[in-house]
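K.L.:
Got input03.csv for you, CSV, C-alpha atoms:
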```csv
chain,number,residue,atom,x,y,z
X,1,MET,CA,-31.9,-21.1,11.6
X,2,THR,CA,-32.2,-19.5,15.1
X,3,LYS,CA,-35.0,-17.0,15.8
X,4,ALA,CA,-34.5,-13.4,17.2
X,5,LEU,CA,-35.9,-14.2,20.6
X,6,GLU,CA,-34.9,-17.9,20.8
X,7,GLY,CA,-34.1,-18.7,24.5
X,8,VAL,CA,-36.5,-16.1,25.8
X,9,ARG,CA,-39.2,-17.6,28.0
X,10,VAL,CA,-42.5,-15.6,28.2
X,11,LEU,CA,-45.0,-16.3,31.0
X,12,ASP,CA,-48.2,-15.2,29.3
X,13,MET,CA,-51.0,-14.4,31.8
X,14,THR,CA,-53.1,-12.4,29.3
X,15,HIS,CA,-56.6,-12.9,27.9
X,16,VAL,CA,-58.9,-11.5,25.3
X,17,GLN,CA,-57.0,-9.3,22.8
X,18,SER,CA,-54.6,-6.6,24.0
X,19,GLY,CA,-52.3,-9.0,25.9
X,20,PRO,CA,-52.5,-12.0,23.6
X,21,SER,CA,-51.7,-9.8,20.5
X,22,ALA,CA,-48.5,-8.8,22.3
X,23,THR,CA,-47.4,-12.2,23.3
X,24,GLN,CA,-48.2,-13.7,19.9
X,25,LEU,CA,-45.8,-11.2,18.3
X,26,LEU,CA,-43.1,-12.3,20.8
X,27,GLY,CA,-43.9,-15.9,19.8
X,28,TRP,CA,-43.5,-15.0,16.1
X,29,LEU,CA,-40.1,-13.6,16.9
X,30,GLY,CA,-39.1,-16.9,18.4
X,31,ALA,CA,-39.8,-16.6,22.2
X,32,ASP,CA,-41.1,-19.6,24.0
X,33,VAL,CA,-44.5,-18.3,25.1
X,34,VAL,CA,-46.3,-20.3,27.8
X,35,LYS,CA,-49.9,-19.2,28.1
X,36,LEU,CA,-51.1,-19.6,31.6
X,37,GLU,CA,-54.9,-20.0,31.7
X,38,ALA,CA,-57.4,-20.6,34.5
X,39,PRO,CA,-58.7,-24.2,34.3
X,40,GLY,CA,-61.8,-22.8,32.5
X,41,GLY,CA,-59.6,-21.2,29.8
X,42,ASP,CA,-59.3,-17.8,28.2
X,43,ILE,CA,-62.9,-16.5,27.8
X,44,THR,CA,-62.4,-15.9,24.0
X,45,ARG,CA,-62.1,-19.7,23.5
X,46,LYS,CA,-65.9,-19.7,23.6
X,47,GLN,CA,-66.7,-16.3,22.3
X,48,LEU,CA,-68.1,-15.7,18.8
X,49,ARG,CA,-67.9,-19.4,17.9
X,50,ASP,CA,-68.5,-20.3,14.3
X,51,LEU,CA,-68.3,-24.1,15.1
X,52,PRO,CA,-69.7,-25.8,18.1
X,53,ASP,CA,-67.4,-27.1,20.9
X,54,VAL,CA,-64.1,-25.9,19.3
X,55,ASP,CA,-61.9,-22.9,20.1
X,56,SER,CA,-63.3,-19.8,18.4
X,57,LEU,CA,-61.5,-17.9,15.6
X,58,TYR,CA,-61.2,-15.1,18.1
X,59,PHE,CA,-58.9,-17.2,20.2
X,60,THR,CA,-57.1,-19.1,17.5
X,61,MET,CA,-56.1,-16.0,15.6
X,62,LEU,CA,-54.6,-14.3,18.7
X,63,ASN,CA,-52.8,-17.3,20.2
X,64,CYS,CA,-50.7,-19.0,17.6
X,65,ASN,CA,-47.1,-19.9,18.4
X,66,LYS,CA,-47.8,-20.5,22.1
X,67,ARG,CA,-48.0,-23.4,24.6
X,68,SER,CA,-51.0,-23.6,27.0
X,69,ILE,CA,-50.9,-24.6,30.6
X,70,THR,CA,-53.8,-24.3,33.2
X,71,LEU,CA,-53.4,-23.2,36.8
X,72,ASN,CA,-55.7,-22.1,39.6
X,73,THR,CA,-53.6,-19.2,41.0
X,74,LYS,CA,-56.0,-18.7,43.9
X,75,SER,CA,-55.0,-22.1,45.4
X,76,GLU,CA,-51.9,-22.4,47.7
X,77,ARG,CA,-50.3,-25.0,45.5
X,78,GLY,CA,-51.1,-22.9,42.4
X,79,LYS,CA,-49.3,-20.0,44.0
X,80,GLU,CA,-46.2,-22.2,44.6
X,81,ILE,CA,-46.2,-23.3,41.0
X,82,LEU,CA,-46.7,-19.8,39.8
X,83,THR,CA,-43.7,-18.7,41.9
X,84,GLU,CA,-41.6,-21.4,40.1
X,85,LEU,CA,-42.9,-20.3,36.7
X,86,ILE,CA,-41.9,-16.7,37.4
X,87,ARG,CA,-38.4,-17.8,38.6
X,88,ARG,CA,-37.9,-19.6,35.2
X,89,SER,CA,-39.2,-16.8,33.0
X,90,ASP,CA,-37.6,-13.8,31.3
X,91,VAL,CA,-40.8,-12.0,30.6
X,92,MET,CA,-44.2,-11.9,32.3
X,93,VAL,CA,-47.1,-10.3,30.7
X,94,GLU,CA,-50.6,-9.7,32.1
X,95,ASN,CA,-53.7,-7.6,31.3
X,96,PHE,CA,-55.9,-8.2,34.3
X,97,GLY,CA,-57.8,-5.4,36.0
X,98,PRO,CA,-55.8,-3.0,38.1
X,99,GLY,CA,-54.4,-4.7,41.2
X,100,ALA,CA,-55.5,-8.2,40.3
X,101,VAL,CA,-52.0,-9.7,40.3
X,102,ASP,CA,-51.1,-7.9,43.5
X,103,ARG,CA,-54.1,-9.4,45.2
X,104,MET,CA,-52.8,-12.9,44.2
X,105,GLY,CA,-49.8,-12.0,46.3
X,106,PHE,CA,-47.5,-11.2,43.5
X,107,THR,CA,-46.7,-7.5,43.8
X,108,TRP,CA,-43.8,-6.1,41.7
X,109,GLU,CA,-41.6,-6.1,44.8
X,110,ARG,CA,-42.4,-9.8,45.4
X,111,ILE,CA,-41.8,-10.7,41.7
X,112,GLN,CA,-38.4,-8.9,41.8
X,113,GLU,CA,-37.5,-11.1,44.9
X,114,ILE,CA,-38.4,-14.2,43.0
X,115,ASN,CA,-36.6,-13.2,39.8
X,116,PRO,CA,-34.6,-10.0,39.7
X,117,ARG,CA,-34.0,-10.4,35.9
X,118,ILE,CA,-37.6,-10.6,34.9
X,119,VAL,CA,-39.3,-8.0,32.7
X,120,TYR,CA,-42.9,-7.6,34.0
X,121,ALA,CA,-45.2,-6.0,31.5
X,122,SER,CA,-48.8,-4.9,32.3
X,123,ILE,CA,-51.4,-3.6,29.9
X,124,LYS,CA,-54.2,-1.6,31.5
X,125,GLY,CA,-56.9,0.6,30.2
X,126,PHE,CA,-55.6,3.8,31.7
X,127,GLY,CA,-52.7,5.4,33.6
X,128,GLU,CA,-52.7,6.6,37.1
X,129,GLY,CA,-55.5,9.1,37.8
X,130,PRO,CA,-59.2,9.4,37.8
X,131,TYR,CA,-59.7,6.7,35.1
X,132,THR,CA,-57.4,4.1,36.7
X,133,ASN,CA,-60.1,1.7,37.8
X,134,PHE,CA,-62.4,2.2,34.7
X,135,LYS,CA,-63.0,-1.0,32.7
X,136,ALA,CA,-61.5,-0.6,29.2
X,137,TYR,CA,-62.5,-2.2,26.0
X,138,GLU,CA,-61.3,-1.6,22.4
X,139,VAL,CA,-63.8,1.2,21.6
X,140,VAL,CA,-63.7,2.7,25.1
X,141,ALA,CA,-59.9,3.3,24.5
X,142,GLN,CA,-60.7,4.8,21.0
X,143,ALA,CA,-63.3,7.1,22.6
X,144,MET,CA,-60.9,8.3,25.3
X,145,GLY,CA,-57.8,8.4,23.2
X,146,GLY,CA,-58.9,11.0,20.6
X,147,SER,CA,-59.8,8.6,17.8
X,148,MET,CA,-63.6,8.6,17.8
X,149,ALA,CA,-64.0,12.4,18.1
X,150,THR,CA,-62.0,12.8,14.9
X,151,THR,CA,-63.4,9.9,12.9
X,152,GLY,CA,-66.4,10.1,10.7
X,153,PHE,CA,-68.0,13.0,8.8
X,154,ALA,CA,-68.7,16.4,10.3
X,155,ASP,CA,-72.5,16.0,10.1
X,156,GLY,CA,-72.5,12.6,11.7
X,157,PRO,CA,-71.7,10.9,15.0
X,158,PRO,CA,-68.3,10.0,16.2
X,159,LEU,CA,-67.2,6.6,14.8
X,160,ALA,CA,-65.0,3.7,15.8
X,161,THR,CA,-62.3,2.6,13.4
X,162,GLY,CA,-62.3,-1.1,12.3
X,163,ALA,CA,-58.6,-1.3,13.1
X,164,GLN,CA,-58.1,-2.6,16.6
X,165,ILE,CA,-56.0,0.3,17.7
X,166,GLY,CA,-57.1,0.1,21.3
X,167,ASP,CA,-56.3,-3.6,21.8
X,168,SER,CA,-53.8,-4.8,19.2
X,169,GLY,CA,-52.4,-1.3,18.9
X,170,THR,CA,-51.6,-1.4,22.6
X,171,GLY,CA,-50.1,-4.8,22.3
X,172,ILE,CA,-47.6,-3.6,19.8
X,173,HIS,CA,-46.6,-0.7,22.1
X,174,ALA,CA,-46.2,-3.3,24.9
X,175,VAL,CA,-43.9,-5.4,22.7
X,176,ALA,CA,-41.7,-2.3,22.0
X,177,GLY,CA,-41.4,-1.8,25.8
X,178,ILE,CA,-40.6,-5.4,26.5
X,179,LEU,CA,-37.9,-5.6,23.8
X,180,ALA,CA,-36.3,-2.3,25.1
X,181,ALA,CA,-36.3,-3.7,28.7
X,182,LEU,CA,-34.7,-7.0,27.5
X,183,PHE,CA,-32.0,-5.0,25.7
X,184,GLN,CA,-31.4,-2.8,28.7
X,185,ARG,CA,-31.1,-5.9,30.9
X,186,GLU,CA,-28.0,-6.9,28.8
X,187,ASN,CA,-26.3,-3.9,30.3
X,188,THR,CA,-27.8,-3.8,33.8
X,189,GLY,CA,-28.5,-7.4,34.6
X,190,ARG,CA,-31.9,-6.3,36.0
X,191,GLY,CA,-35.4,-6.7,34.8
X,192,GLN,CA,-37.9,-3.9,35.0
X,193,ARG,CA,-41.6,-2.9,35.0
X,194,VAL,CA,-43.2,-2.1,31.7
X,195,ASN,CA,-46.6,-0.4,31.9
X,196,VAL,CA,-48.7,0.4,28.8
X,197,ALA,CA,-52.2,1.9,28.9
X,198,MET,CA,-54.7,1.5,26.1
X,199,GLN,CA,-55.8,5.1,26.2
X,200,HIS,CA,-52.2,6.2,26.0
X,201,ALA,CA,-51.5,4.0,23.0
X,202,VAL,CA,-54.5,5.3,21.1
X,203,LEU,CA,-53.4,8.8,21.9
X,204,ASN,CA,-50.0,8.1,20.5
X,205,LEU,CA,-51.6,6.9,17.3
X,206,CYS,CA,-53.7,10.1,17.1
X,207,ARG,CA,-50.8,12.5,17.5
X,208,VAL,CA,-51.6,14.3,14.2
X,209,LYS,CA,-54.9,15.3,15.7
X,210,LEU,CA,-53.1,16.9,18.6
X,211,ARG,CA,-51.0,18.7,16.0
X,212,ASP,CA,-54.1,20.0,14.4
X,213,GLN,CA,-55.6,21.0,17.8
X,214,GLN,CA,-52.6,23.4,18.2
X,215,ARG,CA,-52.8,24.6,14.6
X,216,LEU,CA,-56.4,25.7,15.3
X,217,GLU,CA,-55.0,28.5,17.5
X,218,HIS,CA,-53.6,30.2,14.4
X,219,GLY,CA,-56.5,29.8,11.9
X,220,PRO,CA,-58.7,27.3,10.1
X,221,LEU,CA,-57.5,23.9,9.0
X,222,ALA,CA,-57.5,24.5,5.2
X,223,GLU,CA,-56.9,20.9,4.2
X,224,TYR,CA,-60.0,19.7,5.9
X,225,PRO,CA,-63.1,19.2,3.7
X,226,ASN,CA,-65.1,21.2,6.2
X,227,ALA,CA,-62.4,23.9,6.6
X,228,GLN,CA,-65.0,26.7,6.8
X,229,ASP,CA,-66.4,25.1,9.9
X,230,THR,CA,-63.0,25.3,11.6
X,231,ALA,CA,-62.5,29.0,11.4
X,232,ASP,CA,-63.9,29.6,14.9
X,233,ALA,CA,-63.6,26.1,16.2
X,234,ASP,CA,-61.8,25.3,19.4
X,235,GLU,CA,-61.5,21.5,18.8
X,236,VAL,CA,-60.5,19.4,15.8
X,237,PRO,CA,-63.5,18.3,13.8
X,238,ARG,CA,-64.2,14.9,12.1
X,239,SER,CA,-62.3,14.9,8.9
X,240,GLY,CA,-64.2,12.3,6.8
X,241,ASN,CA,-61.7,10.7,4.4
X,242,ALA,CA,-59.2,13.6,4.3
X,243,SER,CA,-55.6,12.3,4.3
X,244,GLY,CA,-54.6,14.1,7.5
X,245,GLY,CA,-51.2,15.0,5.9
X,246,GLY,CA,-49.7,17.7,3.8
X,247,GLN,CA,-51.0,16.2,0.5
X,248,PRO,CA,-54.8,16.2,0.0
X,249,GLY,CA,-56.5,12.8,-0.5
X,250,TRP,CA,-60.0,11.4,-0.8
X,251,ALA,CA,-61.9,8.1,-1.6
X,252,VAL,CA,-63.5,8.5,-5.0
X,253,LYS,CA,-66.3,6.2,-6.3
X,254,CYS,CA,-65.7,3.7,-9.1
X,255,ALA,CA,-68.0,1.5,-11.2
X,256,PRO,CA,-70.2,-0.3,-10.7
X,257,GLY,CA,-70.9,1.5,-7.4
X,258,GLY,CA,-70.7,-1.2,-4.8
X,259,PRO,CA,-70.0,-0.5,-1.1
X,260,ASN,CA,-66.2,-0.9,-1.6
X,261,ASP,CA,-65.9,0.3,-5.2
X,262,TYR,CA,-63.7,3.2,-4.3
X,263,VAL,CA,-60.1,4.2,-4.8
X,264,TYR,CA,-58.2,6.4,-2.4
X,265,VAL,CA,-56.3,9.1,-4.4
X,266,ILE,CA,-53.6,11.5,-3.2
X,267,VAL,CA,-53.0,14.6,-5.2
X,268,GLN,CA,-49.4,15.7,-5.0
X,269,PRO,CA,-48.2,18.9,-6.7
X,270,VAL,CA,-46.3,16.9,-9.3
X,271,GLY,CA,-49.3,14.6,-10.0
X,272,TRP,CA,-51.8,17.4,-10.9
X,273,LYS,CA,-50.8,17.7,-14.5
X,274,PRO,CA,-51.1,14.0,-15.4
X,275,LEU,CA,-54.2,13.6,-13.3
X,276,SER,CA,-56.0,16.6,-15.0
X,277,ALA,CA,-55.2,15.0,-18.3
X,278,LEU,CA,-56.5,11.6,-17.2
X,279,ILE,CA,-59.8,13.0,-16.1
X,280,GLY,CA,-60.2,14.8,-19.4
X,281,ARG,CA,-59.5,18.3,-18.0
X,282,PRO,CA,-55.9,19.0,-19.2
X,283,GLU,CA,-56.6,22.8,-19.3
X,284,LEU,CA,-56.7,22.8,-15.4
X,285,ALA,CA,-53.0,22.1,-15.3
X,286,GLU,CA,-52.3,25.6,-16.6
X,287,ASP,CA,-55.3,27.5,-15.2
X,288,PRO,CA,-54.1,29.8,-12.5
X,289,GLU,CA,-57.3,29.0,-10.5
X,290,TRP,CA,-56.2,25.3,-10.4
X,291,ALA,CA,-52.5,25.0,-11.3
X,292,THR,CA,-51.0,25.3,-7.8
X,293,PRO,CA,-51.6,23.5,-4.5
X,294,GLU,CA,-52.5,26.8,-2.9
X,295,SER,CA,-55.1,27.6,-5.5
X,296,ARG,CA,-56.7,24.1,-5.2
X,297,LEU,CA,-56.8,24.1,-1.4
X,298,PRO,CA,-60.0,26.2,-1.0
X,299,LYS,CA,-61.8,23.9,-3.5
X,300,LEU,CA,-60.7,20.4,-2.6
X,301,GLY,CA,-64.3,19.2,-2.6
X,302,LYS,CA,-64.7,20.4,-6.2
X,303,MET,CA,-61.4,18.9,-7.2
X,304,PHE,CA,-62.3,15.4,-5.9
X,305,GLN,CA,-65.7,15.8,-7.5
X,306,LEU,CA,-64.0,16.2,-10.9
X,307,ILE,CA,-61.8,13.2,-10.3
X,308,GLU,CA,-64.8,11.2,-9.2
X,309,GLU,CA,-66.8,12.1,-12.4
X,310,TRP,CA,-64.0,10.2,-14.2
X,311,SER,CA,-63.4,7.4,-11.8
X,312,ALA,CA,-67.1,6.5,-11.4
X,313,THR,CA,-67.1,5.3,-15.1
X,314,LEU,CA,-64.4,2.7,-14.5
X,315,PRO,CA,-63.9,-0.3,-12.3
X,316,LYS,CA,-61.5,0.4,-9.4
X,317,TRP,CA,-58.8,-1.9,-10.7
X,318,GLU,CA,-58.7,0.0,-14.0
X,319,VAL,CA,-58.6,3.3,-12.1
X,320,LEU,CA,-55.7,1.9,-10.0
X,321,GLU,CA,-53.8,0.9,-13.2
X,322,GLN,CA,-54.2,4.2,-14.9
X,323,LEU,CA,-53.3,6.3,-11.8
X,324,ASN,CA,-50.3,4.1,-11.0
X,325,GLY,CA,-49.2,4.4,-14.7
X,326,HIS,CA,-48.6,8.1,-13.9
X,327,ASN,CA,-47.1,7.6,-10.4
X,328,ILE,CA,-50.1,9.0,-8.7
X,329,PRO,CA,-50.4,7.6,-5.1
X,330,CYS,CA,-53.6,5.6,-4.8
X,331,GLY,CA,-55.0,2.4,-3.4
X,332,PRO,CA,-58.3,0.5,-3.9
X,333,ILE,CA,-60.6,0.0,-0.9
X,334,LEU,CA,-60.2,-3.7,-0.3
X,335,SER,CA,-63.0,-5.6,1.3
X,336,THR,CA,-62.2,-8.4,3.8
X,337,LYS,CA,-63.1,-10.9,1.1
X,338,GLU,CA,-60.7,-9.3,-1.3
X,339,ILE,CA,-58.0,-9.3,1.3
X,340,VAL,CA,-58.4,-13.0,2.1
X,341,GLU,CA,-58.2,-13.8,-1.6
X,342,ASP,CA,-55.3,-11.4,-2.4
X,343,GLU,CA,-52.6,-13.5,-4.0
X,344,SER,CA,-49.9,-11.1,-3.1
X,345,LEU,CA,-50.8,-11.2,0.6
X,346,VAL,CA,-50.8,-15.0,0.5
X,347,ALA,CA,-47.4,-14.9,-1.3
X,348,ASN,CA,-46.1,-12.5,1.4
X,349,GLU,CA,-47.4,-14.9,4.1
X,350,MET,CA,-49.7,-12.2,5.5
X,351,VAL,CA,-52.8,-14.3,4.8
X,352,VAL,CA,-51.9,-17.8,6.1
X,353,ARG,CA,-53.8,-21.1,6.3
X,354,VAL,CA,-53.1,-23.0,9.5
X,355,GLU,CA,-54.2,-26.6,10.5
X,356,HIS,CA,-55.9,-26.9,13.8
X,357,PRO,CA,-56.4,-30.3,15.4
X,358,GLU,CA,-60.1,-29.9,16.1
X,359,ARG,CA,-61.5,-27.2,13.7
X,360,GLY,CA,-59.4,-28.1,10.7
X,361,ALA,CA,-57.7,-25.4,8.6
X,362,PHE,CA,-58.4,-21.8,9.3
X,363,THR,CA,-57.1,-18.5,7.8
X,364,THR,CA,-55.2,-16.1,10.0
X,365,VAL,CA,-53.0,-13.1,9.7
X,366,GLY,CA,-49.2,-13.7,9.4
X,367,SER,CA,-46.4,-11.8,10.9
X,368,PRO,CA,-46.0,-8.3,9.5
X,369,LEU,CA,-42.4,-8.3,11.0
X,370,LYS,CA,-40.1,-9.7,8.3
X,371,LEU,CA,-36.6,-10.3,9.6
X,372,SER,CA,-34.0,-11.8,7.3
X,373,ASP,CA,-32.4,-14.0,9.9
X,374,SER,CA,-35.5,-14.8,11.9
X,375,PRO,CA,-38.2,-16.4,9.7
X,376,VAL,CA,-41.6,-16.9,11.1
X,377,ASP,CA,-43.6,-20.2,11.0
X,378,ILE,CA,-47.2,-19.8,12.1
X,379,VAL,CA,-48.0,-22.6,14.4
X,380,THR,CA,-51.6,-23.3,15.4
X,381,SER,CA,-53.0,-22.1,18.8
X,382,PRO,CA,-52.8,-24.6,21.6
X,383,LEU,CA,-55.7,-26.6,23.0
X,384,LEU,CA,-56.5,-25.7,26.6
X,385,GLY,CA,-53.9,-27.2,28.9
X,386,GLU,CA,-52.3,-29.0,26.0
X,387,HIS,CA,-48.8,-28.6,27.5
X,388,ASN,CA,-49.5,-29.2,31.1
X,389,ALA,CA,-47.4,-32.4,31.2
X,390,GLU,CA,-44.7,-31.0,29.1
X,391,VAL,CA,-44.2,-28.0,31.4
X,392,TYR,CA,-45.1,-29.3,34.8
X,393,VAL,CA,-43.5,-32.7,34.5
X,394,GLY,CA,-40.9,-32.2,31.8
X,395,GLU,CA,-39.6,-28.8,32.9
X,396,LEU,CA,-40.7,-28.2,36.5
X,397,GLY,CA,-39.9,-31.8,37.5
X,398,LEU,CA,-43.3,-32.6,39.0
X,399,GLY,CA,-44.2,-36.3,39.1
X,400,ASP,CA,-46.9,-37.9,37.0
X,401,GLU,CA,-48.9,-38.8,40.2
X,402,GLU,CA,-48.7,-35.2,41.4
X,403,LEU,CA,-49.9,-34.0,38.0
X,404,ARG,CA,-52.9,-36.3,38.3
X,405,LEU,CA,-53.7,-35.0,41.8
X,406,LEU,CA,-53.4,-31.4,40.7
X,407,LYS,CA,-56.0,-32.0,38.1
X,408,THR,CA,-58.2,-33.9,40.5
X,409,ASN,CA,-58.0,-31.1,43.1
X,410,GLY,CA,-58.8,-28.4,40.5
X,411,VAL,CA,-55.3,-26.8,40.7
X,412,ILE,CA,-54.8,-27.3,36.9
```
In structure tokens, what does this structure look like?
P.N.:
Amino acid sequence: MTKALEGVRVLDMTHVQSGPSATQLLGWLGADVVKLEAPGGDITRKQLRDLPDVDSLYFTMLNCNKRSITLNTKSERGKEILTELIRRSDVMVENFGPGAVDRMGFTWERIQEINPRIVYASIKGFGEGPYTNFKAYEVVAQAMGGSMATTGFADGPPLATGAQIGDSGTGIHAVAGILAALFQRENTGRGQRVNVAMQHAVLNLCRVKLRDQQRLEHGPLAEYPNAQDTADADEVPRSGNASGGGQPGWAVKCAPGGPNDYVYVIVQPVGWKPLSALIGRPELAEDPEWATPESRLPKLGKMFQLIEEWSATLPKWEVLEQLNGHNIPCGPILSTKEIVEDESLVANEMVVRVEHPERGAFTTVGSPLKLSDSPVDIVTSPLLGEHNAEVYVGELGLGDEELRLLKTNGVI
């Protein structure tokens, strides 16, 4: 069966996480992703190693379904080879510092001359302006995109989220832009430039907080657990575990009280009657002080306290079963250990075991994109320069002797 992006060649000049997460998605969709690395390799091959002298999990989990070639793009012969690689590619992706590729001699204008059909995608920390040359990392993007100021509890410091919304979140945005550009190329015959900034991607993911910033102009945010503190506020506060939507939610404790013995519960209007019966307070379903969403809104803290008095006596899986039995939206807080061992995630190929030639089997995340006509097979990440001969000799037509000289001279 053919894959969605079969026949699309991606020149992957990315490193660390934001870029590799994007190109891995393209690889999962069937593109031929050729990862171009400096002779020393992507820095994450050696970062956070759990085993000596093998590629780290950091690298392997972000670079499946790719081929690896090495090239010193600062050398003259390296620039000539890079020119040929660009000529043969449909997509080029990079996440170097601002201007780095230009300084190699490959401006957007030069790249268009080499290959007018190429889609050239760049991931940067920031857009044009005072932050352009700032160095960006995952949590820097969270800090400057609106996430940290609104994460955590009102009486605590700003917090980073464990989800990599700055890096992998930006990578997903880049994939959307690349796919759109490839689709437009079908009509125009031309490639185009795709620019995605990490700060911008995080901001897009924080849009509900900008919604609330504007709502503050017209009064307090009643659904926030610290609503009384927003009456005179001029900025959106940290909201703890509040749902952020129109239906109130909170994480309630369960037995035996471990760090992840919690269930997140959403209280919809239709769910209040069965929920009040479950927690042993059926009279609250008819009490005018509790019966409507409007009456409950000023005392959300008390409402979730009542629910927690019930849930704290039961294991989270039993709480989950009882709530779902009444169609009450909820979900247990799953630890990373529970996720790795979750049979449904394994069955859905979201937790996947992959064989690696040097480290043995490792567990990684599978593709969340499920296409009926484009199945995904997770293939292990490549060793450094594993496909040099395959690409340079087999595809670019270089001779075996030149390949040897390129290696001797430090070009590959």
K.L.:
When you draw a straight line from atom CA of X:Glu94 to atom CA of X:Leu71, how long is it in Å?
P.N.:
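Atom CA of X:Leu71 lies 14.6 Å from atom CA of X:Glu94.
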K.L.:
As an exercise, work out the distance from atom CA of X:Glu6 to atom CA of X:Val365 in Å and give it to one decimal place.
P.N.:
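Between these atoms lies a distance of 21.8 Å.
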K.L.:
Write out as a list in words the residues lying within 10 Å of X:Pro298, counting all atoms listed in the file and excluding same-chain residues fewer than 3 positions away.
P.N.:
Ala222, Glu223, Tyr224, Pro225, Ala227, Gln228, Pro293, Glu294, Ser295, Gly301, Lys302 and Met303 of chain X
K.L.:
Leaving out stretch 43-52 of chain X and any residue of its chain fewer than 3 positions from it, which residues lie within 10 Å of it when counting all atoms listed in the file, given as a CSV table (one decimal) with C-alpha atoms, keeping the file's coordinate frame?
P.N.:
```csv
chain,number,residue,atom,x,y,z
X,15,HIS,CA,-56.6,-12.9,27.9
X,16,VAL,CA,-58.9,-11.5,25.3
X,17,GLN,CA,-57.0,-9.3,22.8
X,37,GLU,CA,-54.9,-20.0,31.7
X,38,ALA,CA,-57.4,-20.6,34.5
X,40,GLY,CA,-61.8,-22.8,32.5
X,55,ASP,CA,-61.9,-22.9,20.1
X,56,SER,CA,-63.3,-19.8,18.4
X,57,LEU,CA,-61.5,-17.9,15.6
X,58,TYR,CA,-61.2,-15.1,18.1
X,59,PHE,CA,-58.9,-17.2,20.2
X,60,THR,CA,-57.1,-19.1,17.5
X,62,LEU,CA,-54.6,-14.3,18.7
X,359,ARG,CA,-61.5,-27.2,13.7
X,383,LEU,CA,-55.7,-26.6,23.0
X,384,LEU,CA,-56.5,-25.7,26.6
```
K.L.:
So which residues touch X:Thr363 within 7 Å, counting all atoms listed in the file, skipping near sequence neighbours fewer than 6 positions away, as a PyMOL selection string?
P.N.:
chain X and resi 351-354
K.L.:
Please identify all polymer residues within 7 Å of X:Thr14, counting all atoms listed in the file, omitting same-chain residues fewer than 6 positions from it, and present them as a ChimeraX atom specification.
P.N.:
/X:20,93-95
K.L.:
For each of X:Pro256, X:Gly271, X:Gly189, X:Gly146, take the minimum atom-to-atom distance to X:Arg211, counting only C-alpha atoms, then give the residue where this is smallest.
P.N.:
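Using only C-alpha atoms, the shortest distance to X:Arg211 belongs to X:Gly146.
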K.L.:
Kindly give the distance, in Å, that separates atom CA of X:Gln142 and atom CA of X:Val33, rounded to a single decimal.
P.N.:
28.5 Å
K.L.:
Choose the residue, out of X:Gly129, X:Ile86, X:Phe134, X:Gly257, that has the smallest atom-to-atom separation from X:Ile111; count all atoms listed in the file.
P.N.:
X:Ile86
K.L.:
Kindly indicate which residue among X:Cys254, X:Met144, X:Ile69, X:Leu5 lies nearest to X:Met198, using all atoms listed in the file for the distances.
P.N.:
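Checking each candidate against X:Met198, we get X:Met144 as the closest.
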K.L.:
For each of X:Gly27, X:Gly191, X:Gly244, X:Pro274, take the minimum atom-to-atom distance to X:Ser374, counting all atoms listed in the file, then give the residue where this is smallest.
P.N.:
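That would be X:Gly27, the residue with the smallest distance to X:Ser374.
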